[in-house]
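The next block holds one structure in the form of structure tokens; read it before the comments.
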Amino acid sequence: MHNSKLEFLLEEFPRLLLTLPPDAPGKWGLMNAHQMVEHFIDAVLVAAGKIPVPQLTPEDKLPKMKAFLFSDMPFQENTKNPLIKDIPPAPRLADMETAVSELRRAFKAFIESYKEDPAKEIINPFFGPLDFNGQQQLLHKHALHHLRQFGIDA
């Protein structure tokens with residue numbers, strides 16, 4: 001199950017996140033760095049099937065959404081997520097180190113959830129049912145989006 005995108009998510013991404021001050025503002029959006037890490041933990045737990053969510057995208061729009069997902073096109077700045085409130089919630093975790101540690105734990109849960117069956121599909125609210133490869137692609141694209149948001153080129 002190892003490849004460069006997964007290795008990036010497990011190794012490089014957490015390391016880069018720890019270079020950010022917790023209260024660092026993004027170039028866009030309202031989340032600070034700590035809030036973004038906690039947002040990303042939730043995204044990983046959705047990918048792991050630990051936070052079940054309904055599919056919001058109509059079936060007839062999924063092919064276009066999946067074509068975007070597997071393209072090199074980045075998420076646009078200020079991409080609206082209807083599952084997130086306009087005002088970001090206060091951090092749940094004590095500090096940035098704890099948040100990144102929880103993110104690492106979430107990634108382990110993600111890998112574990114697909115260990116027996118990488119072809120199994122878990123619903124993503126925007127991209128529909130995704131197997132391990134699709135979830136990994138989404139998490140990688142999502143990670144790059146948030147690194148850009150905080151001025152980190154990866």
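Letters A, B, ... mark the chains of the structure tokens in the order given; residue numbers begin at 1 per chain; ligand numbers begin at 1, in order shown.
Summary of the local environment: counting only C-alpha atoms, residues at most 10 Å from Pro14 in chain A, other than itself and those fewer than 2 positions away along its chain, are Phe8, Leu9, Leu10, Glu11, Glu12, Leu16, Leu17, Leu18, Thr19, Val37, Glu97, Ala99, Val100, Ser101, Leu103, Arg104 and Ala143 of chain A.
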At a cut-off of 8 Å, using only C-alpha atoms, what residues contact Gly151 in chain A? Leave out same-chain residues fewer than 3 positions from it and give the result as a JSON list (two decimals) with N, CA, C and O atoms, in the first residue's frame.
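Just written: selection_10.json:
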[["chain", "number", "residue", "atom", "x", "y", "z"],
["A", 26, "GLY", "N", -4.42, 31.80, 7.29],
["A", 26, "GLY", "CA", -4.23, 31.36, 5.92],
["A", 26, "GLY", "C", -4.27, 32.53, 4.96],
["A", 26, "GLY", "O", -4.68, 33.64, 5.32],
["A", 27, "LYS", "N", -3.83, 32.30, 3.74],
["A", 27, "LYS", "CA", -3.91, 33.32, 2.69],
["A", 27, "LYS", "C", -5.36, 33.55, 2.29],
["A", 27, "LYS", "O", -5.69, 34.56, 1.69],
["A", 147, "LEU", "N", -1.81, 23.26, 2.41],
["A", 147, "LEU", "CA", -0.43, 23.76, 2.48],
["A", 147, "LEU", "C", -0.31, 25.07, 1.69],
["A", 147, "LEU", "O", 0.31, 26.03, 2.17],
["A", 148, "ARG", "N", -0.92, 25.12, 0.50],
["A", 148, "ARG", "CA", -0.91, 26.37, -0.28],
["A", 148, "ARG", "C", -1.60, 27.48, 0.50],
["A", 148, "ARG", "O", -1.16, 28.63, 0.48]]
List as a CSV table (one decimal) with N, CA and C atoms, in the first residue's frame the protein and nucleic acid residues near Ser71 in chain A, meaning an atom at most 12 Å away when only C-alpha atoms are counted, but skip any in the same chain fewer than 5 places from it.
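Result saved to selection_1.csv:
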chain,number,residue,atom,x,y,z
A,64,LYS,N,-18.1,13.8,-13.4
A,64,LYS,CA,-17.3,15.0,-13.5
A,64,LYS,C,-16.5,15.3,-12.3
A,65,MET,N,-17.1,15.0,-11.1
A,65,MET,CA,-16.3,15.2,-9.8
A,65,MET,C,-15.1,14.3,-9.7
A,66,LYS,N,-15.3,13.0,-10.2
A,66,LYS,CA,-14.2,12.1,-10.1
A,66,LYS,C,-13.1,12.4,-11.1
A,134,GLY,N,-8.8,6.1,-4.4
A,134,GLY,CA,-9.5,7.4,-4.5
A,134,GLY,C,-9.4,8.2,-3.3
A,137,GLN,N,-6.0,9.7,-3.1
A,137,GLN,CA,-5.9,10.8,-4.1
A,137,GLN,C,-6.5,12.1,-3.5
A,138,LEU,N,-7.7,11.9,-2.9
A,138,LEU,CA,-8.4,13.1,-2.4
A,138,LEU,C,-7.7,13.7,-1.2
A,140,HIS,N,-4.5,13.6,-0.6
A,140,HIS,CA,-3.3,14.2,-1.1
A,140,HIS,C,-3.6,15.6,-1.7
A,141,LYS,N,-4.7,15.6,-2.5
A,141,LYS,CA,-5.1,16.9,-3.2
A,141,LYS,C,-5.5,17.9,-2.1
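Using only C-alpha atoms, the nearest neighbour of Pro129 in chain A within the list A:Leu62, A:Leu6, A:Ile111, A:Leu144 is A:Leu62.
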I'd like the contact shell of range 73-78 of chain A - 7 Å cut-off, only C-alpha atoms, skipping same-chain residues fewer than 5 positions apart - returned as a PDB file with N, CA and C atoms, in the first residue's frame.
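Now in selection18.pdb:
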ATOM      1  N   TRP A  28      -6.214  32.586   2.561  1.00  0.00           N
ATOM      2  CA  TRP A  28      -7.651  32.708   2.334  1.00  0.00           C
ATOM      3  C   TRP A  28      -8.349  31.896   3.417  1.00  0.00           C
ATOM      4  N   GLY A  29      -9.636  32.086   3.539  1.00  0.00           N
ATOM      5  CA  GLY A  29     -10.421  31.338   4.517  1.00  0.00           C
ATOM      6  C   GLY A  29     -10.260  31.898   5.921  1.00  0.00           C
ATOM      7  N   PHE A  68     -12.294  15.413 -11.981  1.00  0.00           N
ATOM      8  CA  PHE A  68     -11.528  16.474 -11.313  1.00  0.00           C
ATOM      9  C   PHE A  68     -10.614  15.872 -10.243  1.00  0.00           C
ATOM     10  N   LYS A 141      -4.662  15.637  -2.530  1.00  0.00           N
ATOM     11  CA  LYS A 141      -5.083  16.897  -3.164  1.00  0.00           C
ATOM     12  C   LYS A 141      -5.526  17.901  -2.090  1.00  0.00           C
ATOM     13  N   HIS A 145      -3.822  21.548  -1.005  1.00  0.00           N
ATOM     14  CA  HIS A 145      -4.689  22.726  -0.948  1.00  0.00           C
ATOM     15  C   HIS A 145      -4.421  23.512   0.347  1.00  0.00           C
TER      16      HIS A 145
END
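Of the listed residues A:Phe40, A:Ala119, A:Phe107, A:Asn3, the one whose atoms come nearest to Ile84 in chain A is A:Phe40, with distances taken using only C-alpha atoms.
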Query raised in the report: Where does DSSP see strand (DSSP E or B) in range 5-148 of chain A, if you list the residues as number ranges by chain?
Result: A: 25, 32, 122-124, 128-130
